[in-house]
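The file upload.txt contains compact mmCIF, C-alpha atoms and all ligand atoms:
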# COMPACT_ATOMS: atom_id res chain seq x y z
CA MET A 1 -3.66 -17.67 9.75
CA SER A 2 0.07 -17.15 9.77
CA ASN A 3 1.60 -16.16 13.07
CA LEU A 4 3.69 -13.15 13.82
CA PRO A 5 7.20 -13.38 12.46
CA ASN A 6 10.08 -12.81 14.83
CA ILE A 7 9.39 -9.22 15.70
CA PRO A 8 12.01 -8.28 18.28
CA SER A 9 11.47 -6.81 21.72
CA ASN A 10 10.37 -3.25 22.29
CA LYS A 11 13.89 -2.14 23.06
CA LYS A 12 15.31 -3.81 19.94
CA CYS A 13 12.64 -2.18 17.77
CA TRP A 14 13.44 1.20 19.30
CA GLN A 15 17.15 0.64 18.61
CA GLN A 16 16.29 -0.24 15.02
CA LEU A 17 14.54 3.10 14.66
CA ASN A 18 17.60 4.86 16.03
CA LYS A 19 19.83 3.08 13.54
CA LEU A 20 17.58 4.04 10.65
CA VAL A 21 17.44 7.69 11.63
CA PHE A 22 20.88 8.31 13.19
CA SER A 23 22.92 5.93 10.99
CA GLU A 24 23.96 2.35 11.66
CA GLN A 25 26.42 3.52 14.36
CA VAL A 26 23.84 5.89 15.93
CA LEU A 27 25.87 9.07 15.67
CA CYS A 28 25.12 12.64 16.68
CA PRO A 29 23.93 14.58 13.62
CA LEU A 30 26.04 17.58 14.69
CA CYS A 31 29.39 16.25 15.92
CA HIS A 32 29.21 12.61 14.71
CA GLN A 33 30.16 11.14 18.07
CA SER A 34 28.26 8.16 19.41
CA LEU A 35 24.89 8.96 20.91
CA GLN A 36 24.01 7.60 24.38
CA GLU A 37 20.77 5.69 24.91
CA ASN A 38 18.13 6.62 27.42
CA TYR A 39 15.67 3.87 26.63
CA ARG A 40 13.42 4.54 29.63
CA GLN A 41 12.72 8.08 28.42
CA ARG A 42 12.96 6.97 24.77
CA TYR A 43 15.64 9.37 23.65
CA VAL A 44 19.27 9.32 22.59
CA TRP A 45 21.62 12.11 23.58
CA CYS A 46 25.01 13.54 22.79
CA SER A 47 27.23 14.11 25.80
CA HIS A 48 29.40 16.43 23.76
CA CYS A 49 26.70 18.73 22.31
CA ARG A 50 24.38 18.30 25.33
CA LYS A 51 21.45 17.67 22.99
CA LYS A 52 18.84 14.94 22.91
CA TYR A 53 17.00 13.40 19.97
CA ARG A 54 14.05 11.09 19.43
CA PRO A 55 13.88 8.87 16.34
CA THR A 56 10.14 9.48 16.07
CA SER A 57 10.32 13.27 15.91
CA TYR A 58 13.63 13.99 14.26
CA ARG A 59 13.33 16.28 11.22
CA GLY A 60 9.55 16.25 10.84
CA SER A 61 9.33 12.46 10.83
CA TRP A 62 5.95 11.00 9.89
CA LEU A 63 6.15 9.09 13.19
CA TYR A 64 5.83 12.37 15.08
CA GLY A 65 3.47 12.11 18.03
CA MET A 66 3.61 8.30 18.05
CA LYS A 67 1.82 6.97 21.15
CA ILE A 68 2.13 3.25 20.45
CA SER A 69 5.26 1.33 21.40
CA PRO A 70 8.03 0.71 18.86
CA ARG A 71 7.14 -2.98 18.80
CA GLN A 72 3.49 -2.18 18.14
CA LEU A 73 4.59 -0.04 15.21
CA PHE A 74 6.51 -2.97 13.72
CA ILE A 75 3.56 -5.32 14.27
CA LEU A 76 1.09 -2.90 12.69
CA LEU A 77 3.38 -2.46 9.70
CA TRP A 78 3.76 -6.20 9.30
CA CYS A 79 -0.03 -6.78 9.50
CA TRP A 80 -0.65 -4.07 6.92
CA GLN A 81 2.01 -5.44 4.57
CA MET A 82 0.67 -9.00 4.92
CA ARG A 83 -2.94 -7.86 4.27
CA LYS A 84 -4.14 -9.00 7.69
CA SER A 85 -7.78 -8.45 8.56
CA ALA A 86 -8.80 -5.66 10.91
CA GLU A 87 -9.67 -8.29 13.56
CA ALA A 88 -6.33 -10.07 13.37
CA THR A 89 -4.41 -6.79 13.44
CA VAL A 90 -6.19 -5.54 16.56
CA LEU A 91 -5.40 -8.82 18.35
CA LYS A 92 -1.76 -9.02 17.33
CA ALA A 93 -0.86 -5.37 17.94
CA GLU A 94 -3.11 -4.97 20.99
CA VAL A 95 -4.51 -1.66 19.81
CA SER A 96 -8.09 -0.47 19.13
CA TYR A 97 -9.75 -0.65 15.72
CA THR A 98 -9.51 3.14 15.48
CA THR A 99 -5.78 3.16 16.22
CA SER A 100 -5.07 0.36 13.77
CA GLY A 101 -7.14 2.05 11.03
CA ARG A 102 -5.37 5.37 11.60
CA TRP A 103 -1.94 3.77 11.39
CA PHE A 104 -2.81 1.89 8.21
CA ALA A 105 -3.89 5.22 6.71
CA ARG A 106 -0.63 6.77 7.89
CA PHE A 107 1.39 3.99 6.23
CA ARG A 108 -0.50 4.52 2.96
CA ARG A 109 0.32 8.22 2.97
CA GLN A 110 4.04 7.35 2.88
CA LEU A 111 3.72 5.43 -0.38
CA PRO A 112 5.15 7.10 -3.46
CA GLU A 113 3.12 7.93 -6.56
CA THR A 114 3.14 4.83 -8.70
CA GLY A 115 1.80 5.86 -12.08
CA VAL A 116 2.98 3.49 -14.79
CA LEU A 117 2.81 3.32 -18.57
CA LEU A 118 2.24 -0.32 -19.46
CA ASP A 119 3.21 -1.85 -22.76
CA GLY A 120 3.55 -5.14 -24.62
CA ILE A 121 0.57 -7.38 -23.93
CA VAL A 122 -1.77 -5.72 -21.44
CA GLN A 123 -4.97 -7.09 -19.99
CA VAL A 124 -7.82 -4.72 -19.23
CA ASP A 125 -10.96 -5.45 -17.25
CA GLU A 126 -13.55 -3.62 -15.14
CA SER A 127 -15.10 -4.66 -11.86
CA TYR A 128 -17.87 -3.55 -9.50
CA PHE A 129 -17.12 -2.65 -5.90
CA GLY A 130 -19.74 -2.12 -3.18
CA LYS A 131 -22.81 -4.25 -2.68
CA GLN A 132 -26.25 -3.25 -3.81
CA ARG A 133 -27.84 -5.27 -1.05
CA PHE A 134 -26.20 -2.96 1.53
CA LYS A 135 -27.78 -0.02 -0.35
CA GLN A 136 -24.31 1.35 -1.09
CA THR A 137 -23.29 3.21 -4.18
CA GLN A 138 -21.65 0.74 -6.49
CA HIS A 139 -18.34 1.77 -7.97
CA ILE A 140 -16.73 0.59 -11.14
CA VAL A 141 -12.96 0.28 -11.24
CA ALA A 142 -11.06 -0.17 -14.48
CA GLY A 143 -7.83 -2.14 -14.23
CA ALA A 144 -4.93 -2.87 -16.56
CA LYS A 145 -2.20 -5.41 -15.93
CA ASP A 146 1.01 -6.39 -17.67
CA PRO A 147 1.21 -10.10 -16.83
CA SER A 148 4.92 -10.29 -17.65
CA THR A 149 5.94 -7.75 -14.96
CA GLY A 150 2.88 -7.82 -12.70
CA GLN A 151 2.57 -4.03 -12.95
CA ILE A 152 -0.94 -2.63 -12.78
CA ALA A 153 -2.92 0.57 -13.26
CA LEU A 154 -6.32 1.16 -11.66
CA ARG A 155 -8.88 3.93 -11.99
CA ILE A 156 -12.32 4.44 -10.51
CA THR A 157 -14.30 5.23 -13.67
CA ASP A 158 -17.80 4.59 -12.28
CA SER A 159 -18.75 3.78 -15.83
CA ARG A 160 -18.36 1.05 -18.41
CA GLY A 161 -18.88 3.55 -21.20
CA GLN A 162 -16.63 3.83 -24.21
CA GLU A 163 -15.23 7.27 -23.49
CA PRO A 164 -13.93 6.73 -19.92
CA LEU A 165 -12.55 3.29 -20.75
CA GLU A 166 -10.77 4.54 -23.87
CA ARG A 167 -9.35 7.46 -21.90
CA PHE A 168 -8.11 5.02 -19.23
CA VAL A 169 -6.40 2.85 -21.88
CA GLN A 170 -4.79 5.89 -23.50
CA ASP A 171 -3.53 7.21 -20.15
CA VAL A 172 -1.94 3.98 -18.90
CA ILE A 173 -0.99 1.91 -21.97
CA ARG A 174 1.54 2.83 -24.63
CA PRO A 175 0.09 2.94 -28.16
CA GLY A 176 1.09 -0.04 -30.26
CA SER A 177 0.48 -2.44 -27.37
CA LEU A 178 -1.84 -5.42 -27.61
CA VAL A 179 -4.84 -4.84 -25.34
CA VAL A 180 -6.68 -7.99 -24.25
CA THR A 181 -10.22 -7.48 -22.94
CA ASP A 182 -13.51 -9.31 -22.66
CA LYS A 183 -16.09 -8.87 -25.41
CA TRP A 184 -17.48 -5.64 -23.98
CA TRP A 185 -18.35 -3.31 -26.88
CA ALA A 186 -16.67 -0.24 -25.32
CA TYR A 187 -13.29 -1.61 -26.38
CA ASP A 188 -14.20 -2.28 -30.01
CA GLU A 189 -12.64 0.88 -31.41
CA LEU A 190 -9.24 0.60 -29.69
CA PRO A 191 -7.58 -0.16 -33.08
CA LEU A 192 -8.66 3.34 -34.18
CA LEU A 193 -6.60 4.71 -31.28
CA GLY A 194 -3.44 2.87 -32.29
CA TYR A 195 -3.75 -0.33 -30.25
CA SER A 196 -4.02 -3.95 -31.28
CA HIS A 197 -7.06 -5.47 -29.65
CA GLU A 198 -8.13 -8.97 -28.75
CA GLY A 199 -11.53 -9.66 -27.21
CA TRP A 200 -12.31 -12.91 -25.37
CA ASN A 201 -15.81 -14.12 -24.78
CA HIS A 202 -16.45 -14.81 -21.10
CA SER A 203 -19.92 -16.19 -21.68
CA LYS A 204 -18.45 -18.84 -23.98
CA GLY A 205 -15.93 -19.86 -21.35
CA GLN A 206 -12.93 -18.29 -23.05
CA PHE A 207 -11.21 -17.11 -19.94
CA ALA A 208 -7.61 -17.90 -20.76
CA GLY A 209 -6.75 -14.52 -22.23
CA THR A 210 -8.00 -12.47 -19.30
CA ASN A 211 -7.19 -14.73 -16.39
CA GLN A 212 -4.45 -12.45 -15.08
CA GLY A 213 -6.68 -9.43 -15.37
CA GLU A 214 -9.25 -11.13 -13.19
CA ASN A 215 -6.66 -12.01 -10.57
CA ILE A 216 -6.33 -8.30 -9.86
CA TRP A 217 -9.89 -8.39 -8.62
CA SER A 218 -9.90 -11.60 -6.63
CA VAL A 219 -6.92 -10.56 -4.47
CA SER A 220 -8.03 -6.97 -4.09
CA LYS A 221 -11.64 -7.81 -3.28
CA ARG A 222 -10.65 -10.26 -0.58
CA HIS A 223 -8.31 -7.62 0.86
CA ALA A 224 -11.01 -4.92 0.85
CA ARG A 225 -13.44 -7.26 2.59
CA LYS A 226 -10.89 -8.14 5.27
CA LEU A 227 -10.28 -4.47 6.01
CA PHE A 228 -13.74 -2.95 5.71
CA GLY A 229 -16.17 -5.86 5.65
CA GLY A 230 -18.87 -5.40 3.03
CA ARG A 231 -18.85 -1.65 3.50
CA ILE A 232 -16.41 -0.36 0.94
CA LEU A 233 -16.93 3.38 0.82
CA THR A 234 -15.74 5.77 -1.87
CA LYS A 235 -12.91 7.11 0.30
CA HIS A 236 -11.76 3.56 1.12
CA LEU A 237 -11.79 2.60 -2.53
CA THR A 238 -9.68 5.58 -3.59
CA VAL A 239 -6.90 4.85 -1.09
CA LEU A 240 -7.14 1.11 -1.67
CA CYS A 241 -6.66 1.53 -5.42
CA GLU A 242 -3.55 3.58 -4.74
CA GLU A 243 -2.31 0.95 -2.29
CA TRP A 244 -2.94 -1.93 -4.72
CA MET A 245 -1.00 -0.09 -7.42
CA ALA A 246 1.88 0.44 -4.99
CA ARG A 247 1.79 -3.24 -3.98
CA ALA A 248 2.11 -4.29 -7.61
CA ASN A 249 4.43 -1.56 -8.86
CA GLN A 250 6.64 -0.87 -5.80
CA PRO A 251 6.75 -4.24 -4.02
CA GLN A 252 9.88 -3.24 -2.09
CA PHE A 253 7.65 -1.19 0.24
CA PHE A 254 5.88 -4.37 1.33
CA ASN A 255 8.76 -6.73 2.06
CA SER A 256 9.25 -6.09 5.77
CA PRO A 257 8.61 -3.43 8.41
CA ILE A 258 12.27 -2.48 8.54
CA GLU A 259 12.47 -2.00 4.76
CA PHE A 260 9.39 0.17 4.74
CA LEU A 261 10.87 2.34 7.48
CA ARG A 262 14.20 2.51 5.68
CA PHE A 263 12.45 3.95 2.61
CA THR A 264 10.25 6.39 4.45
CA LEU A 265 12.22 7.70 7.46
CA VAL A 266 14.48 10.62 6.70
CA PRO A 267 18.01 9.73 7.74
CA CYS A 268 20.19 12.45 9.21
ZN ZN B 301 27.04 15.92 19.26

Spell out the structure here as structure tokens.
Ligand SMILES: [Zn+2]
Amino acid sequence: MSNLPNIPSNKKCWQQLNKLVFSEQVLCPLCHQSLQENYRQRYVWCSHCRKKYRPTSYRGSWLYGMKISPRQLFILLWCWQMRKSAEATVLKAEVSYTTSGRWFARFRRQLPETGVLLDGIVQVDESYFGKQRFKQTQHIVAGAKDPSTGQIALRITDSRGQEPLERFVQDVIRPGSLVVTDKWWAYDELPLLGYSHEGWNHSKGQFAGTNQGENIWSVSKRHARKLFGGRILTKHLTVLCEEWMARANQPQFFNSPIEFLRFTLVPC
């Protein structure tokens, strides 16, 4: 397990937040003079305007009401970005499972919509989520991946039928593209919808064509297990699919805690 990177002290993290929200020089939003720090009370204030500000509540920030320390916020963000397990996150950030789960959900809500239209050579595959032996509902997720860019599209179809899979292909892949699938019959009529189609036979060991498509599942399944154990519920799966699309299509949100905050905090 990789260790924590150099996440700075609480005070440094708090100062980082101030820089993100009140500009690199930490200036008063009204008169643009330097703001004074009151770290103990966690606010900055303008001696000219006689007003105080908090980086976590300025302008309806999504950090509003934050009860964890600034350093804990950075650690939680890092653990989420690095796909750390629930256990590891709780240990590193020194928060409860509930708190860590709530913050991960809060991070996910800041992600932008990441719908993509894939083209060129696109691999399509379906996979089951949820285990029958835990008496859970099993879900079927359809996935498409452009191996040249790494971009992906996912949809919970709960079916391997022709109609939902064709609709998925039409919604996420540009006509004229080459769609590579396994030999599942539901894809047989893609040429009638304007796509080139290549089917590989898994049972005969022809995996080469769909290897990338299957990588979507191995990484995502390991991640889901680390976060929720074997119990992947419908609500988990919905948000996880959105997160996996964001990870593939908007990787800049997952580079570092500071970058994530730079994208999502509203600067003054
Ligand atoms: Zn001022």

Test item: residues at most 12 Å from Arg225 of chain A, only C-alpha atoms, excluding those fewer than 2 positions along its chain, as a PyMOL selection string: chain A and resi 83-87+129-131+217-223+227-233+236-237+240

Residues within 12 Å of Ile140 of chain A, only C-alpha atoms, excluding chain neighbours under 2 positions, as an mmCIF file with C-alpha atoms, in the frame of the given file:
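Heads up, here's the output in result-v6.cif:
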data_model
loop_
_atom_site.group_PDB
_atom_site.id
_atom_site.type_symbol
_atom_site.label_atom_id
_atom_site.label_comp_id
_atom_site.auth_asym_id
_atom_site.auth_seq_id
_atom_site.Cartn_x
_atom_site.Cartn_y
_atom_site.Cartn_z
ATOM 1 C CA ASP A 125 -10.960 -5.450 -17.250
ATOM 2 C CA GLU A 126 -13.550 -3.620 -15.140
ATOM 3 C CA SER A 127 -15.100 -4.660 -11.860
ATOM 4 C CA TYR A 128 -17.870 -3.550 -9.500
ATOM 5 C CA PHE A 129 -17.120 -2.650 -5.900
ATOM 6 C CA GLY A 130 -19.740 -2.120 -3.180
ATOM 7 C CA LYS A 131 -22.810 -4.250 -2.680
ATOM 8 C CA THR A 137 -23.290 3.210 -4.180
ATOM 9 C CA GLN A 138 -21.650 0.740 -6.490
ATOM 10 C CA ALA A 142 -11.060 -0.170 -14.480
ATOM 11 C CA GLY A 143 -7.830 -2.140 -14.230
ATOM 12 C CA LEU A 154 -6.320 1.160 -11.660
ATOM 13 C CA ARG A 155 -8.880 3.930 -11.990
ATOM 14 C CA ILE A 156 -12.320 4.440 -10.510
ATOM 15 C CA THR A 157 -14.300 5.230 -13.670
ATOM 16 C CA ASP A 158 -17.800 4.590 -12.280
ATOM 17 C CA SER A 159 -18.750 3.780 -15.830
ATOM 18 C CA ARG A 160 -18.360 1.050 -18.410
ATOM 19 C CA GLY A 161 -18.880 3.550 -21.200
ATOM 20 C CA PRO A 164 -13.930 6.730 -19.920
ATOM 21 C CA LEU A 165 -12.550 3.290 -20.750
ATOM 22 C CA TRP A 217 -9.890 -8.390 -8.620
ATOM 23 C CA THR A 234 -15.740 5.770 -1.870
ATOM 24 C CA LEU A 237 -11.790 2.600 -2.530
ATOM 25 C CA THR A 238 -9.680 5.580 -3.590
ATOM 26 C CA CYS A 241 -6.660 1.530 -5.420
#

Residues at most 7 Å from ligand ZN 301 (chain B), using only C-alpha atoms and all ligand atoms? Could they come as a CSV table (one decimal) with C-alpha atoms, keeping the file's coordinate frame?
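Printed below is selection-v1.csv as written:
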chain,number,residue,atom,x,y,z
A,28,CYS,CA,25.1,12.6,16.7
A,29,PRO,CA,23.9,14.6,13.6
A,30,LEU,CA,26.0,17.6,14.7
A,31,CYS,CA,29.4,16.2,15.9
A,32,HIS,CA,29.2,12.6,14.7
A,33,GLN,CA,30.2,11.1,18.1
A,46,CYS,CA,25.0,13.5,22.8
A,47,SER,CA,27.2,14.1,25.8
A,48,HIS,CA,29.4,16.4,23.8
A,49,CYS,CA,26.7,18.7,22.3
A,51,LYS,CA,21.4,17.7,23.0

Who sits within 12 Å of Thr89 of chain A, only C-alpha atoms, same chain under 5 positions skipped, as a ChimeraX atom specification: /A:1-4,72-84,94-101,103-104,226-227

Pick from A:Pro55, A:Leu178, A:Arg42, A:Val172 nearest to Ser23 of chain A, counting all atoms listed in the file: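 So, comparing all the options, the nearest one is A:Pro55.
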
Interatomic distance, atom CA of Glu163 of chain A to atom CA of Ala186 of chain A (Å, one decimal):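 For atom CA of Glu163 of chain A relative to atom CA of Ala186 of chain A, the distance reads 7.9 Å.
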
Residue with smallest distance to Arg54 of chain A - pool A:Ile7, A:Leu17, A:Leu190, A:Leu117, counting only C-alpha atoms: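 So, comparing all the options, the nearest one is A:Leu17.
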
For Val180 of chain A: contacts at 6 Å, only C-alpha atoms, fewer than 4 positions along chain excluded, given as a list in words: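 Those residues are Gln123, His197, Glu198 and Gly199 of chain A.
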
A:Trp200, A:Trp62, A:Trp45, A:Lys92 ranked by distance to Arg106 of chain A, top pick (using all atoms listed in the file): A:Trp62

Closest of A:Ile152, A:Gln16, A:Ala144, A:Ser9 to Pro251 of chain A - atom-to-atom distances counting all atoms listed in the file: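 Of A:Ile152, A:Gln16, A:Ala144, A:Ser9, the one nearest Pro251 of chain A is A:Ile152, counting all atoms listed in the file.
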
Residues near Lys12 of chain A, cut-off 12 Å, only C-alpha atoms, skip fewer than 6 positions along chain, as a ChimeraX atom specification: /A:6,18-19,39,69-71,74,258

Padded axis-aligned box of segment 74-86 of chain A (5 Å per side), centre and edge lengths, Å, one decimal, as JSON:
{"center_x": -1.1, "center_y": -5.7, "center_z": 9.3, "size_x": 25.3, "size_y": 16.5, "size_z": 20.0}

Nearest candidate to Gly115 of chain A (options A:Leu27, A:Ala153, A:Ala93, A:Ala248; using all atoms listed in the file):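 Of the candidates, the smallest distance to Gly115 of chain A is held by A:Ala153.
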
Pick from A:Pro112, A:Pro257, A:Gly120, A:Gly60, whichever lies nearest to Glu242 of chain A using all atoms listed in the file: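 The closest residue to Glu242 of chain A is A:Pro112.
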
Coordinates-based distance that separates atom CA of Val124 of chain A from atom CA of Ile173 of chain A (Å, one decimal):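 That distance, rounded to one decimal, is 9.9 Å.
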